[in-house]
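Printed here is model25.txt (compact mmCIF, C-alpha atoms):
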```txt
# COMPACT_ATOMS: atom_id res chain seq x y z
CA MET A 1 -4.15 35.35 -2.00
CA THR A 2 -6.95 37.80 -2.92
CA SER A 3 -10.47 37.36 -1.62
CA ARG A 4 -11.65 36.66 -5.21
CA SER A 5 -9.20 33.82 -5.64
CA ARG A 6 -10.18 32.49 -2.18
CA ILE A 7 -13.79 32.39 -3.24
CA GLN A 8 -12.75 30.70 -6.46
CA THR A 9 -10.76 28.06 -4.53
CA ALA A 10 -13.70 27.45 -2.18
CA MET A 11 -15.96 27.02 -5.22
CA LEU A 12 -13.52 24.54 -6.72
CA ALA A 13 -13.42 22.65 -3.41
CA ALA A 14 -17.22 22.54 -3.49
CA HIS A 15 -17.09 21.40 -7.13
CA LEU A 16 -14.70 18.60 -6.18
CA GLU A 17 -17.27 17.47 -3.63
CA GLY A 18 -20.12 17.74 -6.11
CA GLU A 19 -21.70 20.44 -3.97
CA VAL A 20 -22.46 23.11 -6.56
CA THR A 21 -25.63 24.00 -8.40
CA LEU A 22 -26.01 23.27 -12.11
CA SER A 23 -25.39 26.89 -13.08
CA GLU A 24 -22.32 27.07 -10.80
CA ARG A 25 -21.01 23.87 -12.33
CA ALA A 26 -21.38 25.25 -15.84
CA ALA A 27 -19.52 28.42 -14.84
CA ILE A 28 -16.73 26.43 -13.12
CA GLU A 29 -16.32 24.09 -16.09
CA ALA A 30 -16.06 27.07 -18.42
CA GLU A 31 -13.38 28.56 -16.19
CA LEU A 32 -11.50 25.28 -16.03
CA ARG A 33 -11.46 25.18 -19.84
CA ASP A 34 -10.09 28.69 -20.08
CA SER A 35 -7.81 29.02 -17.09
CA ALA A 36 -4.66 26.99 -16.47
CA LYS A 37 -4.50 28.47 -12.99
CA ALA A 38 -7.99 27.16 -12.15
CA ARG A 39 -7.03 23.71 -13.47
CA ARG A 40 -3.89 23.75 -11.30
CA THR A 41 -5.85 24.79 -8.21
CA LEU A 42 -8.37 21.99 -8.77
CA GLU A 43 -5.53 19.50 -9.15
CA GLN A 44 -3.94 20.75 -5.93
CA LEU A 45 -7.23 20.39 -4.07
CA ARG A 46 -7.66 16.86 -5.42
CA ASN A 47 -4.13 15.93 -4.30
CA LEU A 48 -4.78 17.47 -0.93
CA SER A 49 -7.94 15.43 -0.34
CA GLU A 50 -6.07 12.27 -1.39
CA LEU A 51 -3.23 13.09 0.98
CA LEU A 52 -5.68 13.61 3.85
CA ALA A 53 -7.35 10.29 3.07
CA ALA A 54 -4.08 8.37 2.66
CA PRO A 55 -3.58 5.55 5.18
CA ALA A 56 -1.50 6.28 8.26
CA SER A 57 0.97 3.68 7.00
CA GLU A 58 3.24 3.94 10.03
CA LEU A 59 0.39 2.80 12.26
CA GLU A 60 -1.15 0.14 10.04
CA ASN A 61 0.42 -2.78 11.89
CA ILE A 62 -0.57 -1.67 15.35
CA ASP A 63 -2.83 -4.11 17.24
CA LEU A 64 -5.19 -1.60 18.76
CA ALA A 65 -7.58 -4.27 20.07
CA SER A 66 -4.85 -5.83 22.23
CA ARG A 67 -3.85 -2.43 23.55
CA VAL A 68 -7.46 -1.62 24.44
CA ARG A 69 -7.90 -5.00 26.16
CA ALA A 70 -4.74 -4.49 28.21
CA LYS A 71 -5.85 -1.02 29.20
CA THR A 72 -9.37 -2.08 30.21
CA ARG A 73 -7.91 -4.84 32.39
CA GLN A 74 -5.60 -2.30 34.01
CA VAL A 75 -8.57 0.02 34.62
CA ALA A 76 -10.51 -2.85 36.19
CA ARG A 77 -7.59 -3.56 38.55
CA GLU A 78 -7.54 0.10 39.60
CA GLN A 79 -11.28 0.25 40.28
CA PRO A 80 -11.19 -0.38 44.07
CA ARG A 81 -8.91 2.60 44.54
CA ARG A 82 -11.14 4.79 42.42
CA SER A 83 -14.22 3.66 44.34
CA ARG A 84 -12.96 5.32 47.51
CA ARG A 85 -12.89 8.59 45.65
CA VAL A 86 -16.48 8.01 44.59
CA VAL A 87 -17.46 7.52 48.24
CA ALA A 88 -15.77 10.76 49.19
CA LEU A 89 -17.58 12.59 46.40
CA PHE A 90 -20.89 11.17 47.51
CA LEU A 91 -20.35 12.24 51.08
CA GLY A 92 -19.45 15.65 49.76
CA GLY A 93 -23.00 16.02 48.49
CA LEU A 94 -22.60 15.05 44.87
CA ALA A 95 -24.94 12.10 45.04
CA ALA A 96 -27.10 13.38 42.22
CA CYS A 97 -24.20 13.22 39.77
CA ILE A 98 -23.59 9.53 40.23
CA GLY A 99 -27.00 8.36 41.34
CA SER A 100 -28.93 9.06 38.16
CA ALA A 101 -27.92 6.00 36.18
CA PHE A 102 -27.37 3.50 38.96
CA PHE A 103 -29.28 2.52 42.02
CA PHE A 104 -26.43 2.66 44.50
CA VAL A 105 -27.35 1.47 47.93
CA HIS A 106 -25.60 2.45 51.09
CA ARG A 107 -25.32 -0.24 53.68
CA PRO A 108 -25.97 1.29 57.12
CA PRO A 109 -22.94 1.38 59.46
CA GLU A 110 -24.72 -0.69 62.14
CA LEU A 111 -24.51 -3.72 59.85
CA SER A 112 -20.81 -3.47 59.25
CA GLU A 113 -18.29 -6.13 60.19
CA PHE A 114 -16.61 -3.62 62.49
CA ARG A 115 -19.71 -3.29 64.62
CA GLU A 116 -20.14 -7.04 64.66
CA LYS A 117 -16.65 -7.38 65.99
CA GLY A 118 -17.62 -5.20 68.94
CA SER A 119 -16.03 -1.94 67.98
CA ASP A 120 -18.20 0.99 69.04
CA ALA A 121 -16.45 3.56 66.90
CA PRO A 122 -15.04 1.92 63.77
CA ALA A 123 -11.87 3.48 62.44
CA VAL A 124 -13.12 2.93 58.91
CA PRO A 125 -16.85 3.12 58.25
CA GLY A 126 -18.13 -0.24 56.98
CA ARG A 127 -19.73 1.07 53.84
CA ARG A 128 -20.37 -0.88 50.73
CA TRP A 129 -21.41 0.46 47.40
CA ALA A 130 -23.26 -1.86 45.15
CA GLY A 131 -26.22 -1.91 42.87
CA ILE A 132 -27.57 -3.18 39.62
CA GLN A 133 -28.60 -1.39 36.48
CA VAL A 134 -31.51 -2.87 34.55
CA GLN A 135 -32.29 -2.43 30.89
CA ARG A 136 -35.44 -3.52 29.13
CA VAL A 137 -35.24 -5.04 25.64
CA ALA A 138 -38.44 -5.28 23.63
CA PRO A 139 -38.64 -7.99 20.91
CA ARG A 140 -36.35 -6.90 18.04
CA GLY A 141 -35.73 -3.71 19.99
CA THR A 142 -32.67 -2.19 21.55
CA PRO A 143 -31.99 -1.93 25.29
CA VAL A 144 -33.42 1.05 27.12
CA PRO A 145 -33.20 1.79 30.84
CA LEU A 146 -35.97 0.13 32.83
CA GLU A 147 -38.96 2.41 33.22
CA ALA A 148 -42.25 2.31 35.08
CA THR A 149 -43.66 -0.50 32.94
CA ILE A 150 -42.52 -3.54 30.99
CA THR A 151 -44.43 -6.08 28.90
CA ARG A 152 -44.39 -9.87 29.25
CA ASP A 153 -42.42 -10.14 26.04
CA ASP A 154 -39.62 -7.87 27.17
CA GLY A 155 -36.27 -9.31 28.17
CA LEU A 156 -34.09 -7.77 30.84
CA LEU A 157 -30.37 -7.10 30.75
CA PHE A 158 -28.45 -6.52 33.97
CA SER A 159 -25.12 -5.06 34.96
CA TYR A 160 -23.79 -4.51 38.44
CA THR A 161 -21.47 -2.23 40.34
CA ASN A 162 -19.64 -3.60 43.37
CA LEU A 163 -17.35 -0.96 44.79
CA GLY A 164 -16.27 0.25 48.22
CA PRO A 165 -13.66 -0.87 50.74
CA HIS A 166 -15.59 -4.08 51.45
CA PRO A 167 -17.20 -5.18 48.20
CA PHE A 168 -19.50 -8.19 48.07
CA ALA A 169 -18.64 -11.58 46.58
CA TYR A 170 -22.02 -12.95 45.45
CA LEU A 171 -25.17 -11.76 43.78
CA MET A 172 -28.71 -13.03 43.18
CA ILE A 173 -31.27 -11.26 41.03
CA PHE A 174 -34.90 -12.28 41.25
CA ALA A 175 -38.38 -10.79 41.13
CA THR A 176 -41.75 -11.29 42.73
CA ASP A 177 -44.80 -10.68 40.56
CA ALA A 178 -48.48 -9.99 41.16
CA SER A 179 -49.17 -13.72 41.62
CA ALA A 180 -46.49 -13.84 44.38
CA GLU A 181 -44.42 -16.10 42.12
CA VAL A 182 -40.63 -15.77 42.48
CA ARG A 183 -38.92 -15.30 39.10
CA TRP A 184 -35.20 -16.01 39.00
CA PHE A 185 -32.80 -14.13 36.73
CA TYR A 186 -29.46 -14.96 38.38
CA PRO A 187 -28.74 -17.73 39.08
CA ALA A 188 -30.78 -19.53 36.44
CA TYR A 189 -33.36 -21.77 38.14
CA GLU A 190 -35.08 -24.02 35.67
CA SER A 191 -35.96 -27.17 37.58
CA ALA A 192 -37.46 -27.65 41.05
CA ALA A 193 -35.00 -30.49 41.54
CA ASP A 194 -32.12 -28.03 41.43
CA ASN A 195 -30.97 -25.62 44.10
CA PRO A 196 -28.50 -23.27 42.40
CA GLN A 197 -26.47 -20.76 44.36
CA SER A 198 -25.68 -17.05 44.05
CA ILE A 199 -23.38 -16.11 41.20
CA ALA A 200 -19.85 -14.99 42.02
CA ILE A 201 -19.20 -11.34 41.14
CA THR A 202 -16.13 -9.21 40.60
CA ARG A 203 -15.00 -7.22 43.61
CA GLY A 204 -14.37 -3.61 42.71
CA GLY A 205 -16.17 -3.91 39.37
CA ALA A 206 -18.17 -1.00 38.01
CA ASN A 207 -20.90 -1.42 35.41
CA VAL A 208 -20.02 -5.08 34.92
CA PRO A 209 -22.46 -6.56 32.40
CA LEU A 210 -24.14 -9.92 33.00
CA GLY A 211 -24.15 -11.56 29.63
CA GLU A 212 -27.65 -12.95 29.19
CA LEU A 213 -30.85 -11.33 28.10
CA VAL A 214 -33.43 -12.95 30.41
CA GLN A 215 -37.13 -13.13 29.71
CA GLN A 216 -39.65 -14.09 32.40
CA GLU A 217 -43.35 -14.47 31.82
CA ALA A 218 -44.39 -12.56 34.91
CA ALA A 219 -48.04 -11.95 35.77
CA ASP A 220 -49.55 -8.60 34.85
CA GLY A 221 -49.32 -6.08 37.66
CA PRO A 222 -46.60 -4.91 40.05
CA LEU A 223 -43.20 -6.53 39.70
CA SER A 224 -40.53 -6.10 42.39
CA LEU A 225 -37.01 -6.78 41.19
CA TYR A 226 -34.44 -7.63 43.84
CA ALA A 227 -30.65 -7.66 43.77
CA LEU A 228 -29.23 -9.49 46.78
CA PHE A 229 -25.51 -8.86 47.35
CA THR A 230 -23.84 -11.10 49.92
CA ALA A 231 -20.44 -12.12 51.22
CA ARG A 232 -21.24 -15.84 51.05
CA PRO A 233 -23.26 -17.75 48.47
CA LEU A 234 -26.93 -18.39 49.22
CA SER A 235 -29.11 -21.01 47.62
CA VAL A 236 -32.33 -20.36 45.74
CA LYS A 237 -34.28 -22.47 48.23
CA GLU A 238 -32.89 -20.55 51.23
CA VAL A 239 -34.00 -17.29 49.67
CA GLU A 240 -37.43 -18.61 48.64
CA ALA A 241 -38.01 -19.86 52.20
CA TRP A 242 -37.05 -16.46 53.55
CA LEU A 243 -39.38 -14.72 51.08
CA LYS A 244 -42.22 -17.05 52.07
CA GLN A 245 -41.64 -16.20 55.70
CA HIS A 246 -41.41 -12.43 55.27
CA GLY A 247 -43.80 -11.82 52.37
CA PRO A 248 -43.02 -10.52 48.91
CA SER A 249 -42.27 -6.91 49.95
CA VAL A 250 -39.11 -7.51 51.94
CA ALA A 251 -36.82 -4.54 52.46
CA GLN A 252 -33.79 -6.04 54.16
CA ALA A 253 -31.37 -8.77 53.20
CA PRO A 254 -31.85 -12.19 54.82
CA VAL A 255 -28.25 -12.17 56.14
CA ALA A 256 -26.59 -9.52 58.28
CA ASP A 257 -23.70 -8.97 55.94
CA GLY A 258 -25.87 -8.75 52.83
CA MET A 259 -27.50 -5.92 50.99
CA LEU A 260 -30.86 -5.94 49.26
CA GLN A 261 -31.83 -3.55 46.49
CA ARG A 262 -35.43 -3.37 45.35
CA ILE A 263 -36.65 -1.85 42.08
CA GLU A 264 -40.34 -1.52 41.34
CA THR A 265 -41.90 -1.75 37.92
CA ARG A 266 -45.20 -2.97 36.47
CA VAL A 267 -45.93 -5.66 33.90
CA VAL A 268 -48.51 -4.54 31.37
CA ARG A 269 -49.97 -6.18 28.27
CA MET B 1 -9.03 -13.50 20.27
CA ASP B 2 -10.65 -14.63 17.00
CA ALA B 3 -14.07 -13.22 16.27
CA PRO B 4 -16.66 -15.91 15.64
CA VAL B 5 -17.98 -16.10 12.09
CA GLY B 6 -20.83 -13.68 11.63
CA LEU B 7 -19.67 -10.77 13.77
CA GLU B 8 -18.29 -8.96 10.73
CA GLY B 9 -21.78 -8.86 9.28
CA ARG B 10 -23.25 -7.17 12.34
CA THR B 11 -23.96 -3.46 12.58
CA ASP B 12 -21.98 -1.27 14.96
CA ASP B 13 -24.96 -1.05 17.28
CA GLU B 14 -25.38 -4.82 17.35
CA LEU B 15 -21.69 -5.23 18.18
CA MET B 16 -21.99 -2.67 20.97
CA LEU B 17 -24.96 -4.55 22.44
CA LEU B 18 -23.15 -7.86 22.18
CA ALA B 19 -20.11 -6.29 23.82
CA ARG B 20 -22.30 -5.00 26.60
CA GLY B 21 -23.55 -8.55 27.07
CA GLY B 22 -19.93 -9.58 27.66
CA SER B 23 -18.75 -10.50 24.15
CA ASP B 24 -15.08 -9.62 23.93
CA ALA B 25 -15.02 -10.74 20.31
CA ALA B 26 -17.79 -8.27 19.41
CA PHE B 27 -15.83 -5.37 20.83
CA THR B 28 -12.67 -6.56 19.10
CA THR B 29 -14.56 -6.69 15.79
CA LEU B 30 -15.79 -3.16 16.37
CA ILE B 31 -12.26 -1.90 17.07
CA ARG B 32 -10.86 -3.61 13.98
CA ARG B 33 -13.64 -2.19 11.85
CA HIS B 34 -12.87 1.39 12.88
CA GLN B 35 -9.18 1.15 13.71
CA ALA B 36 -7.71 2.42 10.43
CA ARG B 37 -9.93 5.48 10.18
CA THR B 38 -9.62 6.47 13.85
CA LEU B 39 -5.83 6.14 13.72
CA ARG B 40 -5.66 8.11 10.46
CA MET B 41 -7.84 10.85 11.90
CA ALA B 42 -5.82 11.01 15.13
CA VAL B 43 -2.44 11.03 13.41
CA ARG B 44 -3.53 13.80 11.02
CA TYR B 45 -4.96 15.78 13.89
CA LEU B 46 -2.03 15.40 16.27
CA GLY B 47 0.77 14.94 13.80
CA ARG B 48 2.53 12.31 15.88
CA ASP B 49 2.15 8.54 15.67
CA ALA B 50 2.71 7.74 19.33
CA LEU B 51 0.21 10.31 20.53
CA ALA B 52 -2.29 9.22 17.90
CA ALA B 53 -2.06 5.57 18.92
CA ASP B 54 -2.60 6.49 22.58
CA VAL B 55 -5.56 8.71 21.77
CA ALA B 56 -7.20 6.06 19.56
CA GLN B 57 -6.65 3.47 22.28
CA ASP B 58 -8.10 5.72 25.00
CA THR B 59 -11.08 6.47 22.78
CA PHE B 60 -12.01 2.80 22.60
CA VAL B 61 -11.34 2.34 26.31
CA GLU B 62 -13.73 5.21 27.04
CA ILE B 63 -16.34 3.63 24.78
CA PHE B 64 -15.84 0.26 26.45
CA ARG B 65 -16.38 1.79 29.87
CA ALA B 66 -19.51 3.54 28.67
CA LEU B 67 -21.03 0.33 27.25
CA PRO B 68 -23.77 0.07 29.92
CA SER B 69 -25.12 3.50 29.05
CA TYR B 70 -24.81 3.24 25.25
CA ARG B 71 -28.06 3.95 23.44
CA ALA B 72 -28.28 2.09 20.18
CA HIS B 73 -29.96 4.26 17.62
CA GLY B 74 -27.78 3.86 14.57
CA LYS B 75 -25.33 6.66 15.29
CA PHE B 76 -22.25 4.85 16.51
CA SER B 77 -19.90 6.61 14.06
CA SER B 78 -20.94 10.03 15.32
CA TYR B 79 -20.50 8.87 18.90
CA LEU B 80 -17.07 7.34 18.18
CA TYR B 81 -15.75 10.44 16.42
CA ARG B 82 -17.15 12.78 19.06
CA VAL B 83 -15.19 10.89 21.71
CA LEU B 84 -12.11 10.78 19.47
CA LEU B 85 -12.29 14.49 18.65
CA ASN B 86 -12.64 15.47 22.30
CA ARG B 87 -9.57 13.43 23.12
CA CYS B 88 -7.67 14.92 20.18
CA HIS B 89 -8.60 18.47 21.29
CA MET B 90 -7.44 17.81 24.84
CA THR B 91 -4.21 16.15 23.75
CA TRP B 92 -3.51 18.87 21.19
CA ARG B 93 -3.88 21.59 23.80
CA SER B 94 -1.84 19.83 26.44
CA SER B 95 1.00 19.05 24.03
CA ARG B 96 1.36 22.63 22.74
CA ALA B 97 4.72 23.26 24.42
CA GLU B 98 6.05 19.91 23.30
CA ARG B 99 5.03 20.64 19.69
CA ARG B 100 6.96 23.89 19.69
CA ALA B 101 10.07 22.04 20.83
CA LEU B 102 9.60 19.45 18.10
CA GLU B 103 9.63 22.08 15.39
CA TYR B 104 13.38 22.23 15.95
CA VAL B 105 13.99 18.52 15.56
CA CYS B 106 17.36 17.91 13.90
CA GLU B 107 17.58 16.76 10.30
CA GLU B 108 17.73 13.16 9.16
CA THR B 109 21.22 11.71 9.06
CA THR B 110 20.49 8.47 7.23
CA GLU B 111 20.06 8.34 3.49
CA ILE B 112 16.43 8.16 2.39
CA PRO B 113 15.20 7.30 -1.12
CA GLU B 114 14.12 10.38 -3.03
CA LEU B 115 10.46 9.38 -3.41
CA GLU B 116 10.11 8.57 0.28
CA LEU B 117 11.76 11.84 1.15
CA LEU B 118 9.29 13.66 -1.08
CA LEU B 119 6.35 11.90 0.61
CA ARG B 120 7.75 12.67 4.02
CA GLU B 121 8.14 16.31 3.10
CA ARG B 122 4.57 16.46 1.84
CA GLY B 123 3.40 14.83 5.06
CA ARG B 124 5.39 17.30 7.14
CA ASP B 125 4.02 20.27 5.19
CA LEU B 126 0.49 18.95 5.56
CA ARG B 127 1.01 18.50 9.30
CA VAL B 128 2.14 22.10 9.65
CA ALA B 129 -0.73 23.36 7.47
CA LEU B 130 -3.29 21.38 9.51
CA GLY B 131 -1.76 22.74 12.70
CA GLU B 132 -2.37 26.27 11.46
CA LEU B 133 -6.10 25.67 10.97
CA SER B 134 -8.55 26.49 13.74
CA GLU B 135 -9.88 23.47 15.62
CA LYS B 136 -13.30 23.95 14.02
CA LEU B 137 -11.95 23.81 10.47
CA ARG B 138 -9.48 21.03 11.24
CA SER B 139 -12.20 18.85 12.75
CA VAL B 140 -14.45 19.14 9.71
CA VAL B 141 -11.77 18.53 7.09
CA LEU B 142 -10.41 15.50 8.93
CA LEU B 143 -13.83 14.03 9.62
CA ARG B 144 -14.59 14.34 5.92
CA TYR B 145 -11.37 13.09 4.33
CA SER B 146 -9.45 11.14 6.96
CA ALA B 147 -12.43 9.52 8.67
CA GLY B 148 -14.54 9.44 5.51
CA LEU B 149 -17.75 10.60 7.20
CA SER B 150 -20.74 11.90 5.26
CA TYR B 151 -21.98 15.46 5.74
CA ASP B 152 -24.86 14.12 7.82
CA GLU B 153 -22.50 12.20 10.09
CA ILE B 154 -20.20 15.21 10.50
CA ALA B 155 -23.18 17.44 11.33
CA GLU B 156 -24.33 14.85 13.87
CA THR B 157 -20.85 14.48 15.38
CA LEU B 158 -20.23 18.20 15.74
CA GLU B 159 -23.86 19.11 16.39
CA ILE B 160 -23.87 21.80 13.71
CA PRO B 161 -26.04 22.31 10.60
CA ILE B 162 -25.01 20.66 7.34
CA GLY B 163 -24.61 24.09 5.70
CA THR B 164 -22.01 24.98 8.35
CA VAL B 165 -20.22 21.68 7.71
CA LYS B 166 -19.90 22.49 4.00
CA ARG B 167 -18.81 26.07 4.57
CA ARG B 168 -16.14 25.00 7.05
CA LEU B 169 -14.96 22.22 4.77
CA PHE B 170 -14.49 24.45 1.74
CA ASP B 171 -12.93 27.14 3.91
CA ALA B 172 -10.51 24.59 5.40
CA MET B 173 -9.52 23.28 1.96
CA THR B 174 -8.88 26.81 0.74
CA LYS B 175 -6.67 27.60 3.72
CA LEU B 176 -4.79 24.30 3.49
CA ARG B 177 -4.06 24.84 -0.17
CA GLU B 178 -2.94 28.37 0.60
CA SER B 179 -0.56 27.15 3.32
CA LEU B 180 0.85 24.37 1.17
CA GLU B 181 1.32 26.69 -1.78
CA GLY B 182 3.42 28.93 0.44
CA ALA B 183 5.40 26.04 1.98
```

Using the file provided, produce a representation of the structure as structure tokens.
Amino acid sequence: MTSRSRIQTAMLAAHLEGEVTLSERAAIEAELRDSAKARRTLEQLRNLSELLAAPASELENIDLASRVRAKTRQVAREQPRRSRRVVALFLGGLAACIGSAFFFVHRPPELSEFREKGSDAPAVPGRRWAGIQVQRVAPRGTPVPLEATITRDDGLLFSYTNLGPHPFAYLMIFATDASAEVRWFYPAYESAADNPQSIAITRGGANVPLGELVQQEAADGPLSLYALFTARPLSVKEVEAWLKQHGPSVAQAPVADGMLQRIETRVVR
Amino acid sequence: MDAPVGLEGRTDDELMLLARGGSDAAFTTLIRRHQARTLRMAVRYLGRDALAADVAQDTFVEIFRALPSYRAHGKFSSYLYRVLLNRCHMTWRSSRAERRALEYVCEETTEIPELELLLRERGRDLRVALGELSEKLRSVVLLRYSAGLSYDEIAETLEIPIGTVKRRLFDAMTKLRESLEGA
């Protein structure tokens, strides 16, 4: 094929797409009237685009959604194994790579079950990797990662990661605001007559979303969000009593085998 | 898993956000909405049904796993096809040796109706012609015709200017026609 005929074919392809100027179109239409070869080329290009757009008939009956579901379940089952690799990477100094999106918290070895059982030098370090990710959703807005400030009207979306050789079984998410009021996200706590317990979480889950968008009318000012991961369920009243005793700026979990993550933000008007 | 009434009317971004909130049905609706085009694109790119189905499946699995970090700003198609294209590129490169072996596949032994045979031959010729294109040209032509994306969406997906999209598209069509003419 000569370079002239290549240019002509490219022009015809552009014409087929309606991507030519008025003067180019006039010239192409004149050529199509006069040249059988040009008409044939245009027809070939049209057939070619139709062939490219034709359904992949052999695959039409495939149930892709079921395949994806099966695969995601399989991935979830494999997560605990993968988490050990994550730990190794972290210890290798790659914390920055995985720490940017999630607030992973390392439970110190002195709190591990192994130490509690009296072993001075545990064969396997008792490390747990867990944390929550928080997204802020403004009214009629889309979720964005939690930043330095939120407004009273914002809702919060949470997901959690619960990896490591000894993952946790339960989670509570709550906040203390400028008026020292405790605001509960998980579990839901709507009546003083109730005393709900921690929610059960998936062991070995990574980025597991919690389904509800929760809105709390917190007081303006600093807001401390807490994620409390534990091995046994705690009740809302137990935790509120502990907060009352230790003040709103607690840094450690109320139980030895728990882990507390704190995230600071500020409620503004 | 039947999608509740109303999910079909949601935008891709809304479905992604619902899926992030734990709605299996929302993610299923999203897959079904894009299934035909992603499979078509993958099968044209890779030339083999089984590989294409795996790549399309892994694309949605990757998107599912990235749900917590998805940023909804109306560009789901570009995001989907960027993931799909990356997977197609990787699979294409890793299956190079296997493709060469398949070029010597033995002929059909069963009797096939003439029209179907003709369609199969056209499909085979197209597969070979697409395989001869560079990855850059192949991506553009398939995003345009097999996935049905607009120029804007292709430019967004490939992170190139619209003028480059058009030039590559017309160049790809010229080369495909040339290859098919010689087939």

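Residues in contact with His73 (chain B) at up to 9 Å, not including ones fewer than 2 positions away on its chain and judged by only C-alpha atoms, are Thr142 of chain A; Asp13, Arg71, Lys75 and Phe76 of chain B.
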
>> Need the shell around Glu8 (chain B): protein/DNA/RNA residues with any atom at most 12 Å away, counting all atoms listed in the file. Skip same-chain ones fewer than 6 positions apart. Format as a list in words?
In response: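 Counting all atoms listed in the file, the residues come to Asp2, Glu14, Leu15, Ala25, Ala26, Phe27, Thr28, Thr29, Leu30, Ile31, Arg32, Arg33 and His34 of chain B.
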
> How far is it from CA of Ala253 (chain A) to CA of Gln215 (chain A), in Å with one decimal?
Replying inline: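 CA of Gln215 (chain A) lies 24.6 Å from CA of Ala253 (chain A).
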
>> For a quick test of understanding: name the residues of chain B lying within 8 Å of chain A when counting only C-alpha atoms, and present them as a PyMOL selection string.
In response: chain B and resi 20-23+28+31-32+35-36+39-40+43-44+49+53+56-58+60-61+64-65+68+71-72+123+142+145-148+166+170-171+173-174+177-178

Around (-46.5, -6.1, 35.7), as given in the file, which residues come within 8 Å? Count all atoms listed in the file and list them as an mmCIF file with C-alpha atoms, keeping the file's coordinate frame.
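Output saved as selection.cif:
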```
data_model
loop_
_atom_site.group_PDB
_atom_site.id
_atom_site.type_symbol
_atom_site.label_atom_id
_atom_site.label_comp_id
_atom_site.auth_asym_id
_atom_site.auth_seq_id
_atom_site.Cartn_x
_atom_site.Cartn_y
_atom_site.Cartn_z
ATOM 1 C CA THR A 149 -43.660 -0.500 32.940
ATOM 2 C CA ILE A 150 -42.520 -3.540 30.990
ATOM 3 C CA THR A 151 -44.430 -6.080 28.900
ATOM 4 C CA ARG A 152 -44.390 -9.870 29.250
ATOM 5 C CA ASP A 177 -44.800 -10.680 40.560
ATOM 6 C CA ALA A 178 -48.480 -9.990 41.160
ATOM 7 C CA ALA A 218 -44.390 -12.560 34.910
ATOM 8 C CA ALA A 219 -48.040 -11.950 35.770
ATOM 9 C CA ASP A 220 -49.550 -8.600 34.850
ATOM 10 C CA GLY A 221 -49.320 -6.080 37.660
ATOM 11 C CA PRO A 222 -46.600 -4.910 40.050
ATOM 12 C CA LEU A 223 -43.200 -6.530 39.700
ATOM 13 C CA THR A 265 -41.900 -1.750 37.920
ATOM 14 C CA ARG A 266 -45.200 -2.970 36.470
ATOM 15 C CA VAL A 267 -45.930 -5.660 33.900
ATOM 16 C CA VAL A 268 -48.510 -4.540 31.370
#
```

Take the point (-7.2, 17.2, 12.6) in the file's coordinates, draw a sphere of radius 7 Å around it, and report as a short mmCIF file (atom, residue, chain, number, x, y, z; two decimals) with C-alpha atoms, keeping the file's coordinate frame every protein, DNA or RNA residue with an atom inside or on it, counting all atoms listed in the file.
```cif
data_model
loop_
_atom_site.label_atom_id
_atom_site.label_comp_id
_atom_site.auth_asym_id
_atom_site.auth_seq_id
_atom_site.Cartn_x
_atom_site.Cartn_y
_atom_site.Cartn_z
CA MET B 41 -7.84 10.85 11.90
CA ALA B 42 -5.82 11.01 15.13
CA ARG B 44 -3.53 13.80 11.02
CA TYR B 45 -4.96 15.78 13.89
CA LEU B 46 -2.03 15.40 16.27
CA LEU B 130 -3.29 21.38 9.51
CA ARG B 138 -9.48 21.03 11.24
CA SER B 139 -12.20 18.85 12.75
CA LEU B 142 -10.41 15.50 8.93
#
```
